[in-house]
Amino acid sequence: MMNKNTSLRVRLPVLVLVLEVILLGLYAGFVTYDDNANAKFQNNETKPMENTVYRDYPFFADVQVMIFIGFGCLLAFMRMYGFSGMVFNFLTATFAVQWAVIVQGFFQFYHDDGKIHLGVVNLIYAEFACAVVLISMGAVLGKTSPVQLLVMAFLEVPIFSVTEWAVLKYIRINDAGGSILIHLFACYFGLGATFVLYRPSLNEGHPKEITSYSSDMLSVLGTLFLWVFWPSFNSALTLKGDDQHRAILHTFIGLSSSTMTAFALSAVFNKRGKLTMADIQNVTLAGGVTVGASVDMMISPVAAYALGAMGCTACFFGYRYLTPFLARRLRIQDQCGIHNLHGLTGLISSTAGICAILLASEETYGPSMWEIFTHRAPPEGDPRLAELRLLIPGLKAGLGRSANEQALYQVAAIFTTIAAAFIGGILTGIVMKLPNLASPSDESCFDDELFFDVPSDFEGIALLTPQSSSGDKSSKCPDDTTKV
Amino acid sequence: MMNKNTSLRVRLPVLVLVLEVILLGLYAGFVTYDDNANAKFQNNETKPMENTVYRDYPFFADVQVMIFIGFGCLLAFMRMYGFSGMVFNFLTATFAVQWAVIVQGFFQFYHDDGKIHLGVVNLIYAEFACAVVLISMGAVLGKTSPVQLLVMAFLEVPIFSVTEWAVLKYIRINDAGGSILIHLFACYFGLGATFVLYRPSLNEGHPKEITSYSSDMLSVLGTLFLWVFWPSFNSALTLKGDDQHRAILHTFIGLSSSTMTAFALSAVFNKRGKLTMADIQNVTLAGGVTVGASVDMMISPVAAYALGAMGCTACFFGYRYLTPFLARRLRIQDQCGIHNLHGLTGLISSTAGICAILLASEETYGPSMWEIFTHRAPPEGDPRLAELRLLIPGLKAGLGRSANEQALYQVAAIFTTIAAAFIGGILTGIVMKLPNLASPSDESCFDDELFFDVPSDFEGIALLTPQSSSGDKSSKCPDDTTKV
Amino acid sequence: MMNKNTSLRVRLPVLVLVLEVILLGLYAGFVTYDDNANAKFQNNETKPMENTVYRDYPFFADVQVMIFIGFGCLLAFMRMYGFSGMVFNFLTATFAVQWAVIVQGFFQFYHDDGKIHLGVVNLIYAEFACAVVLISMGAVLGKTSPVQLLVMAFLEVPIFSVTEWAVLKYIRINDAGGSILIHLFACYFGLGATFVLYRPSLNEGHPKEITSYSSDMLSVLGTLFLWVFWPSFNSALTLKGDDQHRAILHTFIGLSSSTMTAFALSAVFNKRGKLTMADIQNVTLAGGVTVGASVDMMISPVAAYALGAMGCTACFFGYRYLTPFLARRLRIQDQCGIHNLHGLTGLISSTAGICAILLASEETYGPSMWEIFTHRAPPEGDPRLAELRLLIPGLKAGLGRSANEQALYQVAAIFTTIAAAFIGGILTGIVMKLPNLASPSDESCFDDELFFDVPSDFEGIALLTPQSSSGDKSSKCPDDTTKV
């Protein structure tokens, strides 16, 4: 019963120790406080309530709830894999955030004094990198050990950070809600990794790949936490003021329309006219991704509503037709269907973002157009910049791009991101496949007992499975356990 | 087993599609951004951190947690109705908020340009309308289909919005915590609807109308979420500053005293001297409603304490004696006992509000009395207004009402609201009773299997029922499953 | 089966009634609004958004979630004691906060007008006193009645408040995160009480002292809520601005490193190389306590990282070796292992705080050193004070202590706090042992049925116990149920 090769007794502690020593060394050598957290830089004219912590911390806290509680509950949707879903999410997220603080620090918060300057704003960026890892993890959930997940986080964070930095610095795009850099990257990275980790036997279905009444409840609770705080996620890094205000409105409206649409689709495509919990746990959230790329623009509330419904529809049919197709034909086993919830919606969102860029005009935006579409602002030296600075003092110089040019750069960013993600995912998958990383056997997938001391009632929960599940409801609904 | 008449396959999608087309059309035709969300209206003197979003969003987010997570968990208190409780709450709330954004928009946020101006503040108002629907839903929980619940929301939101608008515009009252407009309206609307939907057989008790160990835990978790964020609910729409500060204090104190009182009453009226979970799930919350109507006034902390204890006592005895009486004698089956938690407490709160108005004096309030009791301020043209404006620049002109006059208007508002709500509820109940709305049969009430694909362990949960519940504990405690 | 002596029918209502009358009387006689909540003190120059409520309420709300939801879920970790864990936490916390508002009010918020001035800031202080009670409660969980717990809260709050007041007023220390005053006090108070309440038979293990799959899930959910909001707890009462910013950063980093360390230690010390849920539920949180005493100082991020790992290690070995030792040799049965999570970590934290004080220099802190280490600032009349006030207008006069002197005062505070707590705990334990407080018999410990009407499936949950637990997994892992 107990597979010796999957003991965590040496593997996990050694890996964690190595990672902690690396983190400790880098913290010691390179991390100091940023100006808003450094006691020395506060003088007698400092107004403490204007510290950036008060702008950033509420959004940071909301995203924390999403990462640790929302994702944790959502990933606990399998009957015998609740401990693993919630607890591996906890471990992976904790490490990913710390690691991203360091890696992103070198790229984005590195100062001339040779130090990474740390404030709560870095933590928000790091949480977005962490969200990327957790989304990718959805593709391989249930068939990986915590050792493999830490290895994945260790590799994905730098690959993501380089991509993010290159796209933001060289291609320069609008992507306030992270549809391109977060969702598309995470999706195609995860697909790359799961492609390498392909397990033919799992295509036949696995007897433990089922839910229970209480795991379904917990998972929908996770959905609700993600749903409630998603406006904070999409708006955490927009410009302050009206931009953040719009981002909150659009996300809320988009989520609402995708939720209603998900209920309708769930009922109409169910042969017995009932609702399927997997749809409610996943498809309802599609709108949050779909509004992402244009979330801070003046797209009008009705566009947010339409985007939510469109993203939801694509996501729903993806779960129904594309996920089985990917698994059978392309050897891509997307356990939680991240390609539906993050890939298809991300593509729609990116397209919508391009449309919004092409349609943007000073008539709609007023002078603040040059702040939102910062790369379209006139470059330094251009006389029009001086004119605009009369209207908006302190306006940053841009690149003088036209709308069409910016649209092309957006397209370039989409393809660059997908390519970098997929290649990175494949390489990471190859590393994850190395021996000695405690990879579970096919039979031990989706089973908490492999990595946890389980309480004495676990056997009873498990016992209900063989007899009732094989010929019963859950096997008739193949997407019952395909989620995120 | 499977009742053909309750298939959602056509009914739910068609209804949702119609509602979405209506919403999409109205969004397209009538909704634009308000000044704080519109890029065009920000100029070079705009300080982004002074955008109203930073005042409103934290309270909006707290109320979101209450609506989607607090209510959702609380309504999942039945053993075989957890999916339905949590998920129908999700669907109904999502639609109700969007619908209220539009309907309230026409009444309260309509501008000369023929548009509804949308900001996060509208969403707070809409969530209050949504709370009204969810409270009413408590009266009919378990014996209605999601189609019927959407129909209810579709009708209740406009009836509520008209009542709210008429009372605020023509009667003009003080009701910061919404005891009259939210709780009394929601309660009597729900009672009206459930009166029409009367099912004689349910008065005998239903074998599935029981809780389980885990459903009781989840439900009390919902109570705790409501408890923790209730101060945000009661203070979200008060004046900013000291008014909001007092609203938070009063709500917290009122909830605390009602919680302690609920434990005492639960023990003393239990024959075996034990605690009843249904009391802890519901009666503890009575204080939040009871302080509502006077929540922003200078009632003194001790009054909040006393109000919490009084409201809790009324609520407790309501569950014990009034709910069974209403069901048997008046054919009003109040499933979750909303008349106790929202009706009786709302009446006490309204009375307390009137007392607070009669006792208010400039000695206690200082000049800001004319801001809190805005209808008592001198009308435009009155020389006293000019005087007061020396103390409070920008004071709005009032109606010059005396305290006694204002008290009478409060009484008028109470009766108007109750009458409008009850009549509206009856009419809505008649519509909900129309055929083809997938209304469950008596036997299928309180059963997730009717509307959901359930996991394979559901049968096991259900099987525990017939043998043990009929003669056992739960049937001895008739209010075990009477809540919200 | 039913033990007549533990009926709550008279005992609980009488005690609650007495406590409510006391609270009501003291509220009536002594509590009024503070300047920020009093309508009278707002004049025409008051900017409502500068009201202190907007600084304090977000942190208050976060701590509320920790107290009622985080603690509540965490304490529900036993299979047949979920109702009790969550609901007794609710009752005890509710009373403790109200009682602390009054008692701390007399010591810290009493004004010349003979009144306690109440604002949201008092509630934050009161919640810290409440956290003290809940931590102590962890030592006696499962073997006490709600009557005993209320008696404990009734006595602990004043003993804590006197100690807090004496230490802050006479010894004067730095302890922003409350490692000394909150965690050490709570721990040694709880140990004192449980020492008196010693039950020899429980040292042999109790058949009901086990977890279930769903109770373990709920408990880890509680851990996640505590984890996510702990930065708010540690920073709620620091100085505003960069101090609060650092407190948030340090707490987050400390928690992250203790979480990773906990996973490593859990795997390496498990004979079968698996993870133990009790470690993940408790040991992960050690970092939050360990950074407490120096949380607002310029200790550098790497120090926070190292402290988290150290605290976690001490906590882990404490659970493994010290808790059994205390129970067998010293008759101290520490049910949830509070000595590990709050005592050992509190001692490390206090020591780290002393080091940080000794190493503090104006070079690192700039002039704001005299604000953070306020007792080291020059006393009134010292010419250096006038100099410093040129840099920091309004700097408070200090006591002119040297770093070494301050370090000695910190040591004095540690010993004073531990002594006061332990003696207070013993006295309180003696009172709790008085007859007629519904203390459960040894067999009825850890059993919801003693104090609750339980649903009909409870018996089924309980039935799984005798046969499978005695010889099974859970008994091989003695710390499986030793937590908090």
# chains A, B, ... in the order shown; residues from 1 in each chain; ligands from 1
$ residues_around --residues "Lys115 in chain A" --least-positions-apart "2" --cutoff "10 Å" --atoms "only C-alpha atoms" --output "list in words"
Tyr27, Gly29, Phe30, Val31, Thr32, Tyr33, Asp34, Gly105, Phe106, Phe109, Tyr110, His111, Asp112, Asp113, His117 and Leu118 of chain A
$ interface_residues --of "chain A" --to "chain C" --cutoff "6 Å" --atoms "only C-alpha atoms" --output "ChimeraX atom specification"
/A:7-9,13,27-28,36-37,39-40,44,48-49,51,53,94,451-453,455-456
$ write_last_selection --atoms "C-alpha atoms" --output "mmCIF file, in the first residue's frame"
data_model
loop_
_atom_site.group_PDB
_atom_site.id
_atom_site.type_symbol
_atom_site.label_atom_id
_atom_site.label_comp_id
_atom_site.auth_asym_id
_atom_site.auth_seq_id
_atom_site.Cartn_x
_atom_site.Cartn_y
_atom_site.Cartn_z
ATOM 1 C CA SER A 7 8.046 9.183 1.195
ATOM 2 C CA LEU A 8 8.539 12.872 1.878
ATOM 3 C CA ARG A 9 10.812 12.172 4.819
ATOM 4 C CA PRO A 13 12.877 18.653 4.045
ATOM 5 C CA TYR A 27 17.210 38.429 1.805
ATOM 6 C CA ALA A 28 20.418 39.032 3.770
ATOM 7 C CA ASN A 36 7.763 54.152 2.645
ATOM 8 C CA ALA A 37 8.827 51.447 5.095
ATOM 9 C CA ALA A 39 12.187 54.828 9.394
ATOM 10 C CA LYS A 40 15.127 56.899 8.260
ATOM 11 C CA ASN A 44 9.140 66.004 10.270
ATOM 12 C CA PRO A 48 2.013 59.206 8.161
ATOM 13 C CA MET A 49 -1.425 58.641 6.666
ATOM 14 C CA ASN A 51 2.249 56.345 3.417
ATOM 15 C CA VAL A 53 0.850 51.215 2.804
ATOM 16 C CA THR A 94 3.798 30.618 0.545
ATOM 17 C CA PHE A 451 1.184 12.218 1.609
ATOM 18 C CA PHE A 452 -0.836 12.677 4.797
ATOM 19 C CA ASP A 453 -1.556 10.948 8.052
ATOM 20 C CA PRO A 455 -7.893 10.488 10.466
ATOM 21 C CA SER A 456 -9.628 7.189 11.123
#
$ select_by_dssp --residues "range 65-301 of chain A" --states "strand (DSSP E or B)" --output "PyMOL selection string"
chain A and resi 110+116-118+275
$ write_last_selection --atoms "C-alpha atoms" --output "CSV table (one decimal), in the first residue's frame"
chain,number,residue,atom,x,y,z
A,110,TYR,CA,16.4,46.9,-7.8
A,116,ILE,CA,15.9,45.4,-3.6
A,117,HIS,CA,13.6,47.9,-1.9
A,118,LEU,CA,10.7,46.2,-0.2
A,275,LEU,CA,-27.4,22.0,-12.4
$ closest_residue --among "C:Leu347, C:Ile173, C:Ser294, C:Gly190" --to "Ala407 in chain C" --atoms "only C-alpha atoms"
C:Ile173
$ residues_around --residues "Gly311 in chain C" --least-positions-apart "6" --cutoff "8 Å" --atoms "only C-alpha atoms" --output "list in words"
Ser258, Ala286, Gly287, Val289, Thr290, Leu344, Thr345, Ile348 and Ser349 of chain C
$ write_last_selection --atoms "N, CA and C atoms" --output "CSV table (one decimal), in the first residue's frame"
chain,number,residue,atom,x,y,z
C,258,SER,N,8.0,30.5,8.7
C,258,SER,CA,7.6,29.4,9.6
C,258,SER,C,6.8,28.4,8.9
C,286,ALA,N,3.6,29.9,13.9
C,286,ALA,CA,4.6,30.4,15.0
C,286,ALA,C,5.3,31.7,14.6
C,287,GLY,N,5.5,31.9,13.3
C,287,GLY,CA,6.2,33.1,12.9
C,287,GLY,C,5.5,34.3,13.2
C,289,VAL,N,3.8,35.0,15.9
C,289,VAL,CA,4.1,35.4,17.3
C,289,VAL,C,5.6,35.8,17.4
C,290,THR,N,6.5,35.1,16.7
C,290,THR,CA,7.9,35.3,17.0
C,290,THR,C,8.4,36.7,16.5
C,344,LEU,N,6.8,29.5,24.0
C,344,LEU,CA,8.2,29.4,23.5
C,344,LEU,C,8.5,30.5,22.5
C,345,THR,N,7.5,30.7,21.5
C,345,THR,CA,7.7,31.7,20.5
C,345,THR,C,7.7,33.1,21.2
C,348,ILE,N,11.2,33.7,22.6
C,348,ILE,CA,12.1,34.0,21.5
C,348,ILE,C,11.9,35.4,21.0
C,349,SER,N,10.6,35.7,20.8
C,349,SER,CA,10.3,37.1,20.3
C,349,SER,C,10.8,38.2,21.3
$ atom_distance --atom1 "CA of Trp99 in chain C" --atom2 "CA of Gln42 in chain C"
28.7 Å
$ residues_around --residues "range 337-342 of chain A" --least-positions-apart "5" --cutoff "7 Å" --atoms "only C-alpha atoms" --output "ChimeraX atom specification"
/A:135,138-139,183-184,187,283,286,289,315,318-319,323,482-484
$ atom_distance --atom1 "CA of Ser219 in chain B" --atom2 "CA of Ala76 in chain C"
13.9 Å
$ decode --residues "range 184-200 of chain A" --atoms "C-alpha atoms" --output "PDB file, in the first residue's frame"
ATOM      1  CA  LEU A 184      -2.403  33.420 -20.631  1.00  0.00           C
ATOM      2  CA  PHE A 185       1.080  32.830 -19.238  1.00  0.00           C
ATOM      3  CA  ALA A 186      -0.182  30.654 -16.397  1.00  0.00           C
ATOM      4  CA  CYS A 187      -2.434  28.664 -18.690  1.00  0.00           C
ATOM      5  CA  TYR A 188       0.076  27.802 -21.384  1.00  0.00           C
ATOM      6  CA  PHE A 189       2.836  27.164 -18.873  1.00  0.00           C
ATOM      7  CA  GLY A 190       0.587  24.686 -17.101  1.00  0.00           C
ATOM      8  CA  LEU A 191      -0.403  23.024 -20.356  1.00  0.00           C
ATOM      9  CA  GLY A 192       3.267  22.664 -21.285  1.00  0.00           C
ATOM     10  CA  ALA A 193       4.068  21.036 -17.975  1.00  0.00           C
ATOM     11  CA  THR A 194       1.106  18.661 -18.018  1.00  0.00           C
ATOM     12  CA  PHE A 195       1.947  17.692 -21.616  1.00  0.00           C
ATOM     13  CA  VAL A 196       5.274  16.354 -20.383  1.00  0.00           C
ATOM     14  CA  LEU A 197       3.692  14.708 -17.362  1.00  0.00           C
ATOM     15  CA  TYR A 198       1.119  12.875 -19.525  1.00  0.00           C
ATOM     16  CA  ARG A 199      -0.262   9.677 -17.915  1.00  0.00           C
ATOM     17  CA  PRO A 200      -2.139   7.559 -20.455  1.00  0.00           C
TER      18      PRO A 200
END
